[in-house]
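Text of protein37.cif, listed as mmCIF, C-alpha atoms:
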```
data_my_file
loop_
_atom_site.label_atom_id
_atom_site.label_comp_id
_atom_site.auth_asym_id
_atom_site.auth_seq_id
_atom_site.Cartn_x
_atom_site.Cartn_y
_atom_site.Cartn_z
CA MET A 78 13.57 -1.85 15.59
CA ARG A 79 13.01 1.90 15.47
CA THR A 80 9.40 2.93 14.98
CA ARG A 81 7.54 5.95 13.69
CA PRO A 82 4.00 7.24 14.32
CA LEU A 83 1.38 6.35 11.74
CA GLY A 84 0.05 9.88 11.56
CA THR A 85 -0.75 12.31 14.35
CA GLY A 86 -2.26 10.29 17.17
CA GLY A 87 -1.80 7.02 15.28
CA PRO A 88 -0.03 3.88 16.48
CA GLN A 89 3.74 3.41 16.41
CA VAL A 90 4.83 1.19 13.52
CA ALA A 91 8.04 -0.14 12.02
CA PRO A 92 9.30 1.46 8.78
CA ILE A 93 8.30 -1.77 7.01
CA ALA A 94 4.76 -3.19 6.85
CA LEU A 95 3.68 -6.54 5.44
CA GLY A 96 1.26 -6.53 2.50
CA CYS A 97 -0.70 -9.77 2.42
CA ALA A 98 -2.45 -9.55 -0.97
CA GLY A 99 -0.15 -12.06 -2.66
CA MET A 100 -0.91 -14.67 -0.03
CA SER A 101 -4.34 -15.35 -1.56
CA ASP A 102 -5.63 -16.11 -5.06
CA HIS A 103 -3.75 -18.60 -7.24
CA THR A 104 -1.73 -20.08 -4.38
CA ALA A 105 -0.90 -23.70 -3.55
CA PRO A 106 -0.92 -25.34 -0.08
CA ASP A 107 2.85 -24.89 0.19
CA ASP A 108 2.40 -21.20 -0.58
CA GLU A 109 -0.07 -20.92 2.28
CA ALA A 110 2.40 -22.49 4.69
CA ASP A 111 5.05 -20.02 3.55
CA ALA A 112 2.60 -17.15 3.94
CA ILE A 113 1.83 -18.08 7.53
CA ALA A 114 5.56 -18.34 8.21
CA ALA A 115 6.11 -14.91 6.61
CA ILE A 116 3.48 -13.31 8.87
CA ARG A 117 5.04 -14.87 11.95
CA THR A 118 8.56 -13.91 10.85
CA ALA A 119 7.43 -10.30 10.45
CA LEU A 120 5.73 -10.15 13.84
CA ASP A 121 8.69 -11.76 15.60
CA ALA A 122 10.99 -9.14 14.04
CA GLY A 123 8.85 -6.21 15.18
CA VAL A 124 6.82 -5.60 12.01
CA THR A 125 3.32 -5.10 13.36
CA LEU A 126 1.32 -3.56 10.50
CA LEU A 127 -0.38 -6.23 8.36
CA ASP A 128 -2.26 -4.94 5.32
CA THR A 129 -5.19 -6.95 3.98
CA ALA A 130 -8.61 -6.51 2.36
CA ASP A 131 -11.89 -8.38 2.53
CA PHE A 132 -11.70 -9.00 -1.24
CA TYR A 133 -8.21 -10.54 -1.20
CA GLY A 134 -9.07 -14.12 -2.02
CA MET A 135 -12.71 -13.19 -1.30
CA GLY A 136 -12.21 -13.62 2.43
CA HIS A 137 -9.38 -16.16 2.30
CA ASN A 138 -6.74 -13.57 3.22
CA GLU A 139 -8.45 -12.52 6.43
CA ASP A 140 -8.99 -16.16 7.40
CA LEU A 141 -5.30 -16.85 6.68
CA ILE A 142 -4.22 -14.03 8.97
CA ARG A 143 -6.48 -15.37 11.73
CA ARG A 144 -4.80 -18.77 11.44
CA ALA A 145 -1.34 -17.23 11.32
CA LEU A 146 -1.77 -15.27 14.55
CA ARG A 147 -0.53 -17.24 17.53
CA ALA A 148 -1.51 -16.76 21.15
CA GLY A 149 -0.56 -13.20 22.08
CA ASP A 150 0.04 -12.07 18.48
CA ARG A 151 -3.25 -10.19 18.15
CA ASP A 152 -2.19 -7.75 20.87
CA LYS A 153 0.87 -6.65 18.89
CA ALA A 154 -0.47 -7.00 15.34
CA LEU A 155 -2.03 -3.93 13.73
CA LEU A 156 -4.59 -5.11 11.20
CA SER A 157 -5.23 -2.70 8.34
CA VAL A 158 -8.30 -3.79 6.36
CA LYS A 159 -9.58 -2.39 3.07
CA PHE A 160 -13.16 -2.81 1.89
CA GLY A 161 -15.31 -1.79 -1.06
CA GLY A 162 -13.90 -3.93 -3.88
CA LEU A 163 -16.80 -5.98 -5.23
CA ARG A 164 -16.14 -9.35 -6.91
CA GLY A 165 -18.28 -11.79 -8.82
CA PRO A 166 -18.37 -15.62 -8.52
CA ASP A 167 -15.62 -15.86 -11.13
CA GLY A 168 -13.35 -13.59 -9.08
CA ALA A 169 -13.65 -10.64 -11.44
CA PHE A 170 -13.96 -7.17 -9.93
CA VAL A 171 -17.39 -5.76 -10.65
CA GLY A 172 -17.49 -2.42 -8.84
CA ILE A 173 -16.62 -0.21 -5.89
CA GLU A 174 -18.97 0.24 -2.94
CA GLY A 175 -18.85 2.89 -0.20
CA ARG A 176 -22.38 3.26 1.14
CA PRO A 177 -22.61 3.38 4.97
CA ALA A 178 -24.68 0.19 5.13
CA HIS A 179 -22.04 -1.66 3.12
CA VAL A 180 -19.26 -0.30 5.34
CA LYS A 181 -20.84 -1.74 8.46
CA ASN A 182 -21.87 -5.01 6.84
CA ALA A 183 -18.39 -5.57 5.39
CA LEU A 184 -16.75 -4.97 8.76
CA ALA A 185 -19.04 -7.47 10.45
CA TYR A 186 -17.86 -10.22 8.09
CA SER A 187 -14.22 -9.14 8.37
CA LEU A 188 -14.30 -9.34 12.15
CA ARG A 189 -15.75 -12.85 11.95
CA ARG A 190 -13.05 -14.02 9.51
CA LEU A 191 -10.26 -12.37 11.47
CA GLY A 192 -11.52 -13.77 14.76
CA SER A 193 -11.22 -10.32 16.35
CA ASP A 194 -13.51 -7.84 18.06
CA HIS A 195 -11.89 -4.90 16.24
CA VAL A 196 -9.65 -3.88 13.36
CA ASP A 197 -6.90 -1.36 13.92
CA ILE A 198 -7.26 0.58 10.65
CA TYR A 199 -10.27 0.45 8.35
CA ARG A 200 -10.22 2.06 4.93
CA PRO A 201 -12.10 2.19 1.62
CA ALA A 202 -9.96 0.57 -1.06
CA ARG A 203 -10.97 3.13 -3.67
CA LEU A 204 -13.16 6.22 -3.87
CA ALA A 205 -16.70 5.04 -4.61
CA PRO A 206 -18.08 6.96 -7.61
CA ASP A 207 -21.63 7.27 -6.29
CA THR A 208 -21.08 7.87 -2.56
CA PRO A 209 -19.66 11.09 -1.06
CA ILE A 210 -16.47 10.35 0.87
CA GLU A 211 -18.05 12.15 3.84
CA ASP A 212 -20.72 9.45 4.05
CA THR A 213 -18.22 6.60 3.87
CA ILE A 214 -15.88 8.09 6.47
CA GLY A 215 -18.83 9.07 8.64
CA ALA A 216 -19.87 5.41 8.81
CA ILE A 217 -16.35 4.34 9.80
CA SER A 218 -16.31 7.10 12.43
CA GLU A 219 -19.43 5.58 13.97
CA LEU A 220 -17.63 2.22 14.09
CA VAL A 221 -14.71 3.91 15.86
CA GLN A 222 -17.10 5.32 18.46
CA ALA A 223 -18.59 1.87 18.91
CA GLY A 224 -15.16 0.33 19.49
CA TYR A 225 -15.04 -1.86 16.37
CA VAL A 226 -12.36 0.25 14.64
CA ARG A 227 -9.34 2.01 16.15
CA HIS A 228 -8.19 4.30 13.30
CA VAL A 229 -9.38 5.44 9.87
CA GLY A 230 -7.29 5.24 6.70
CA LEU A 231 -7.66 5.98 3.00
CA SER A 232 -6.35 4.36 -0.16
CA GLU A 233 -5.54 5.77 -3.62
CA VAL A 234 -7.23 9.13 -3.16
CA GLY A 235 -6.11 12.63 -4.09
CA PRO A 236 -5.62 15.80 -2.02
CA GLU A 237 -9.21 17.06 -2.25
CA THR A 238 -10.62 13.75 -1.05
CA ILE A 239 -8.03 13.53 1.72
CA ARG A 240 -9.05 16.95 3.05
CA ARG A 241 -12.75 16.18 2.89
CA ALA A 242 -12.30 12.85 4.68
CA HIS A 243 -9.99 14.31 7.32
CA ALA A 244 -12.60 16.97 8.10
CA VAL A 245 -15.06 14.22 9.06
CA HIS A 246 -12.67 12.08 11.11
CA PRO A 247 -8.88 12.20 11.65
CA ILE A 248 -7.10 10.08 9.04
CA CYS A 249 -4.01 8.21 10.23
CA ASP A 250 -2.59 7.18 6.85
CA VAL A 251 -3.15 7.18 3.10
CA GLN A 252 -2.15 4.07 1.18
CA VAL A 253 -0.82 4.78 -2.31
CA GLU A 254 1.56 3.24 -4.81
CA TYR A 255 4.89 5.01 -4.36
CA SER A 256 8.31 3.88 -5.53
CA LEU A 257 11.25 4.93 -7.65
CA PHE A 258 9.05 4.05 -10.63
CA SER A 259 5.83 5.63 -9.28
CA ARG A 260 6.59 9.19 -8.22
CA ALA A 261 3.20 10.82 -8.83
CA PRO A 262 2.47 11.34 -5.09
CA GLU A 263 5.38 13.80 -5.05
CA THR A 264 3.90 16.00 -7.77
CA ASN A 265 0.13 15.67 -7.46
CA GLY A 266 -0.07 17.00 -3.91
CA ILE A 267 -0.67 13.76 -2.02
CA LEU A 268 2.57 13.77 -0.02
CA ASP A 269 2.40 17.51 0.68
CA THR A 270 -1.22 17.29 1.81
CA CYS A 271 -0.51 14.34 4.10
CA ARG A 272 2.47 16.07 5.67
CA GLU A 273 0.47 19.27 6.22
CA LEU A 274 -2.37 17.38 7.92
CA GLY A 275 -0.17 15.05 9.97
CA ILE A 276 -1.17 11.97 7.97
CA ALA A 277 1.26 9.14 7.26
CA VAL A 278 1.76 7.50 3.86
CA THR A 279 1.83 3.72 3.55
CA ALA A 280 3.59 3.12 0.25
CA TYR A 281 2.87 -0.09 -1.62
CA GLY A 282 4.35 -1.33 -4.88
CA VAL A 283 7.82 -0.33 -3.67
CA LEU A 284 9.39 -2.88 -6.04
CA ALA A 285 7.19 -1.87 -8.99
CA HIS A 286 5.44 -5.26 -9.23
CA GLY A 287 8.81 -6.98 -9.57
CA LEU A 288 10.64 -4.65 -11.93
CA LEU A 289 12.75 -3.18 -9.12
CA THR A 290 13.84 -6.52 -7.71
CA GLY A 291 16.87 -6.44 -9.97
CA ALA A 292 16.18 -10.06 -10.87
CA TYR A 293 13.40 -9.65 -13.46
CA ARG A 294 14.49 -10.96 -16.87
CA GLU A 295 11.40 -12.61 -18.41
CA PRO A 296 10.20 -11.37 -21.80
CA ALA A 297 7.02 -9.32 -21.52
CA GLY A 298 5.09 -11.56 -23.93
CA GLY A 299 5.22 -14.50 -21.55
CA ASP A 300 4.28 -12.59 -18.42
CA PRO A 301 0.60 -12.01 -17.53
CA ARG A 302 1.59 -8.65 -16.03
CA ALA A 303 2.16 -7.43 -19.59
CA HIS A 304 -1.62 -7.56 -20.14
CA TRP A 305 -2.53 -5.10 -17.40
CA LEU A 306 0.68 -3.24 -16.50
CA PRO A 307 1.94 -1.06 -19.39
CA ARG A 308 5.41 -0.92 -17.87
CA PHE A 309 5.78 -4.59 -18.82
CA HIS A 310 4.68 -4.01 -22.42
CA PRO A 311 7.33 -4.96 -25.02
CA GLY A 312 7.82 -1.32 -26.00
CA ASN A 313 8.49 -0.24 -22.40
CA LEU A 314 10.13 -3.17 -20.67
CA ALA A 315 13.63 -2.83 -22.13
CA ALA A 316 13.79 0.87 -21.23
CA ASN A 317 12.62 0.18 -17.69
CA LEU A 318 15.11 -2.64 -17.14
CA THR A 319 17.85 -0.26 -18.29
CA LEU A 320 16.82 2.07 -15.48
CA VAL A 321 17.03 -0.82 -13.01
CA GLU A 322 20.56 -1.60 -14.16
CA ARG A 323 21.58 1.97 -13.33
CA LEU A 324 20.80 1.17 -9.71
CA ARG A 325 22.99 -1.92 -9.54
CA PRO A 326 26.35 -0.14 -8.99
CA LEU A 327 24.77 1.94 -6.24
CA ALA A 328 23.39 -1.19 -4.57
CA ASP A 329 26.74 -2.96 -4.93
CA ALA A 330 28.47 -0.04 -3.22
CA HIS A 331 26.31 -0.66 -0.15
CA GLY A 332 26.64 -4.43 -0.38
CA VAL A 333 22.89 -4.85 -0.86
CA SER A 334 20.51 -5.95 -3.61
CA VAL A 335 18.70 -3.60 -5.97
CA ALA A 336 15.45 -4.54 -4.22
CA GLN A 337 16.88 -3.55 -0.85
CA LEU A 338 18.16 -0.25 -2.25
CA ALA A 339 14.74 0.53 -3.75
CA THR A 340 13.07 -0.28 -0.42
CA ALA A 341 15.58 1.82 1.53
CA TRP A 342 14.86 4.76 -0.79
CA VAL A 343 11.15 4.62 0.12
CA VAL A 344 11.90 4.39 3.84
CA ALA A 345 14.25 7.37 3.57
CA ARG A 346 11.49 9.58 2.13
CA SER A 347 10.35 10.20 5.71
CA ARG A 348 13.17 12.71 6.10
CA GLU A 349 11.48 15.31 3.95
CA ARG A 350 8.05 13.91 3.17
CA GLY A 351 6.66 13.11 6.62
CA THR A 352 6.09 9.56 7.81
CA VAL A 353 6.39 7.08 4.95
CA VAL A 354 6.10 3.34 5.61
CA ALA A 355 7.11 0.82 2.94
CA VAL A 356 4.55 -1.97 2.47
CA LEU A 357 6.35 -5.12 1.35
CA GLY A 358 4.14 -7.54 -0.56
CA THR A 359 5.45 -11.07 -0.18
CA ARG A 360 4.56 -14.52 1.09
CA ARG A 361 8.17 -15.70 1.55
CA PRO A 362 9.83 -15.45 4.98
CA HIS A 363 13.28 -14.73 3.53
CA ARG A 364 11.88 -11.74 1.62
CA VAL A 365 10.65 -10.33 4.90
CA GLU A 366 14.14 -10.67 6.34
CA GLU A 367 15.65 -8.95 3.30
CA ALA A 368 13.24 -6.04 3.65
CA LEU A 369 14.01 -5.66 7.33
CA ALA A 370 17.70 -5.39 6.46
CA ALA A 371 16.82 -2.73 3.88
CA ALA A 372 15.16 -0.62 6.55
CA ASP A 373 18.51 -0.36 8.33
CA ILE A 374 20.43 0.90 5.29
CA ALA A 375 21.65 4.42 6.06
CA LEU A 376 21.31 6.38 2.82
CA THR A 377 23.05 9.75 2.87
CA ASP A 378 21.86 12.81 1.01
CA THR A 379 24.60 12.06 -1.52
CA ASP A 380 23.21 8.53 -1.94
CA LEU A 381 19.71 9.84 -2.48
CA ARG A 382 20.90 12.31 -5.11
CA ALA A 383 22.76 9.53 -6.91
CA ILE A 384 19.65 7.33 -6.89
CA ASP A 385 17.50 10.17 -8.24
CA GLU A 386 20.07 10.81 -10.98
CA ALA A 387 20.06 7.12 -11.92
CA VAL A 388 16.25 6.95 -12.02
CA PRO A 389 14.88 10.48 -12.44
CA ALA A 390 11.24 11.14 -11.64
CA GLY A 391 9.20 10.57 -14.79
CA ALA A 392 11.85 8.45 -16.51
CA VAL A 393 9.89 5.20 -16.33
CA ALA A 394 8.20 4.14 -19.56
CA GLY A 395 4.47 3.43 -19.33
CA THR A 396 1.71 4.27 -16.87
CA ARG A 397 0.88 2.30 -13.73
CA TYR A 398 -2.16 0.66 -15.31
CA ALA A 399 -4.02 0.70 -18.60
CA ALA A 400 -6.11 3.84 -19.24
CA PRO A 401 -9.50 2.42 -18.09
CA LEU A 402 -8.03 1.43 -14.71
CA MET A 403 -6.11 4.69 -14.35
CA ALA A 404 -9.39 6.56 -14.79
CA LEU A 405 -10.74 4.87 -11.64
CA LEU A 406 -7.92 6.20 -9.45
CA ASP A 407 -8.78 9.39 -7.60
CA SER A 408 -5.07 9.58 -6.67
CA GLU A 409 -4.11 10.03 -10.32
CA ARG A 410 -6.45 12.91 -11.06
CA THR A 411 -4.97 16.38 -11.48
CA PRO A 412 -5.92 18.51 -8.44
CA ASN A 413 -8.32 21.40 -9.03
CA PRO A 414 -6.62 24.52 -7.61
CA SER A 415 -9.98 26.10 -6.77
CA THR A 416 -11.05 23.19 -4.57
CA GLU A 417 -7.77 21.75 -3.27
CA ARG A 418 -7.92 23.76 -0.06
CA THR A 419 -11.62 23.38 0.70
CA GLY A 420 -12.44 20.06 -0.95
CA ARG A 421 -15.70 21.58 -2.20
CA GLU A 422 -16.77 22.70 -5.64
CA SER A 423 -17.49 26.42 -5.87
#
```
What's the structure tokens form of this structure?
Amino acid sequence: MRTRPLGTGGPQVAPIALGCAGMSDHTAPDDEADAIAAIRTALDAGVTLLDTADFYGMGHNEDLIRRALRAGDRDKALLSVKFGGLRGPDGAFVGIEGRPAHVKNALAYSLRRLGSDHVDIYRPARLAPDTPIEDTIGAISELVQAGYVRHVGLSEVGPETIRRAHAVHPICDVQVEYSLFSRAPETNGILDTCRELGIAVTAYGVLAHGLLTGAYREPAGGDPRAHWLPRFHPGNLAANLTLVERLRPLADAHGVSVAQLATAWVVARSRERGTVVAVLGTRRPHRVEEALAAADIALTDTDLRAIDEAVPAGAVAGTRYAAPLMALLDSERTPNPSTERTGRES
């Protein structure tokens, strides 16, 4: 499988990464067996980047990965770990933490659960509201110097924060939701900033939480996603499924599924947007195999224009999340022209 660098000086990775979030929380024993098989299927096929977080299943996800890794797998697996999402005993998220002491304490527990002496990429899951990003990244930089972390990443942050973090320690990649239905990184400066600084983009949500699978047909009222994802609201769902149907003839022309076409579109963004890696979130081995096939689809410039005409940027109905959650995303804030270059307020 062809690889690409995860940022300047970063490790070589496949165009597809495996997102492990769905392998924890609300899963049955059979699901766990499938999840372990999916991780092993990915590694055997050359997918090395595994994305997790210490709050996925409140530690369960990291423990699952440890059990999934066979003898020799740790040497080829690249473990990307997010931290900072705080959860209560009931599982509810209760805050975001980025203080240096928390950074180091969280890593200590992650290393124990993963059964490893280091993580390959360590990143704050969100921008902490009460801690300067320089302090958070500075703490990770100290962990790099100590050998506990190999590379530093970011997640859901905007251009100003990216520049400020990169000035403290080289950033290898920024994780952000990016798909045919989530095109904001193209217009809010995230992709341009990453390309300028030699930072890769790890794009998650490439199938828009299921909308871009081409198989979604359930009414919004019976789907829990309708409560926290406006694109599944009754007033938006029909319009969004109409957009999906526009992709079907294009997928049929290539002999692939709509999901594979949507994944191939993300992978192809590397041509003009710098390194973009598609993070597939699944716990099913056959979904991993389908995504790997999607990475080999050769989309021409004509194909890409046809896809953009079928689903124009901004055509999707509804925001990514409800307004209170959108307000927490540094990546969704409009850049300030006076500070975008320096990252500092004047």
Explicit residues for the PyMOL selection byres ((chain A and resi 188) around 12) (as a PyMOL selection string): chain A and resi 130-131+136+139-140+142-143+156-158+181-187+189-197+199+225-226
Restricting the output to C-alpha atoms, write the selected residues as a CSV table (one decimal), in the frame of the given file.
```csv
chain,number,residue,atom,x,y,z
A,130,ALA,CA,-8.6,-6.5,2.4
A,131,ASP,CA,-11.9,-8.4,2.5
A,136,GLY,CA,-12.2,-13.6,2.4
A,139,GLU,CA,-8.4,-12.5,6.4
A,140,ASP,CA,-9.0,-16.2,7.4
A,142,ILE,CA,-4.2,-14.0,9.0
A,143,ARG,CA,-6.5,-15.4,11.7
A,156,LEU,CA,-4.6,-5.1,11.2
A,157,SER,CA,-5.2,-2.7,8.3
A,158,VAL,CA,-8.3,-3.8,6.4
A,181,LYS,CA,-20.8,-1.7,8.5
A,182,ASN,CA,-21.9,-5.0,6.8
A,183,ALA,CA,-18.4,-5.6,5.4
A,184,LEU,CA,-16.8,-5.0,8.8
A,185,ALA,CA,-19.0,-7.5,10.4
A,186,TYR,CA,-17.9,-10.2,8.1
A,187,SER,CA,-14.2,-9.1,8.4
A,189,ARG,CA,-15.8,-12.8,12.0
A,190,ARG,CA,-13.0,-14.0,9.5
A,191,LEU,CA,-10.3,-12.4,11.5
A,192,GLY,CA,-11.5,-13.8,14.8
A,193,SER,CA,-11.2,-10.3,16.4
A,194,ASP,CA,-13.5,-7.8,18.1
A,195,HIS,CA,-11.9,-4.9,16.2
A,196,VAL,CA,-9.6,-3.9,13.4
A,197,ASP,CA,-6.9,-1.4,13.9
A,199,TYR,CA,-10.3,0.4,8.4
A,225,TYR,CA,-15.0,-1.9,16.4
A,226,VAL,CA,-12.4,0.2,14.6
```
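Counting from atom CA of Arg350 of chain A, the distance to atom CA of Asp269 of chain A is 7.1 Å.
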Expansion of the PyMOL selection byres ((chain A and resi 364) around 12) into residues, as a ChimeraX atom specification: /A:93,95-96,111-112,114-116,118-119,284,290,334,336-337,340,357-363,365-371
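Against this structure, the PyMOL selection byres ((chain A and resi 306) around 9) ends up with His286, Pro301, Arg302, Ala303, His304, Trp305, Pro307, Arg308, Phe309, His310, Gly395, Thr396, Arg397, Tyr398 and Ala399 of chain A.
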Interatomic distance between atom CA of Phe258 of chain A and atom CA of Ala277 of chain A? 20.2 Å
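With distances taken over all atoms listed in the file, A:Pro389 is the one residue among A:Gly282, A:Gly162, A:Pro389, A:Gly351 lying closest to Arg323 of chain A.
For the atom pair formed by atom CA of Ala394 of chain A and atom CA of Ser256 of chain A, the distance is 14.0 Å, given to one decimal.
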Which one is closest to Asp385 of chain A: A:Tyr293, A:Tyr281, A:Phe160, A:Trp342? Count all atoms listed in the file. A:Trp342
Give me the residues near Leu320 of chain A as a PyMOL selection string, where near means some atom within 9 Å (using only C-alpha atoms) and where sequence neighbours in that chain fewer than 2 positions away do not count. chain A and resi 315-318+322-324+387-388+392-393
Closest of A:Ile267, A:Leu127, A:Val356, A:Leu220 to Asp150 of chain A - atom-to-atom distances counting all atoms listed in the file: A:Leu127
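Closest approach to Val353 of chain A among A:Glu386, A:Asp212, A:Glu254, A:Asp152 is made by A:Glu254 (distances from only C-alpha atoms).
Compared by their closest atoms to Glu409 of chain A, and using all atoms listed in the file, the residues A:Pro166, A:Pro236, A:Pro311, A:Pro247 rank with A:Pro236 nearest.
You can rank A:Val221, A:Leu274, A:Ala372, A:Ala390 by their closest distance to Met78 of chain A using only C-alpha atoms, and at the top of that list sits A:Ala372.
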With only C-alpha atoms counted, which protein, DNA or RNA residues have an atom no more than 9 Å from (-13.9, 6.0, -4.3) in the file frame? Please answer as a PyMOL selection string. chain A and resi 161+173-175+201-210+232-234+405-407
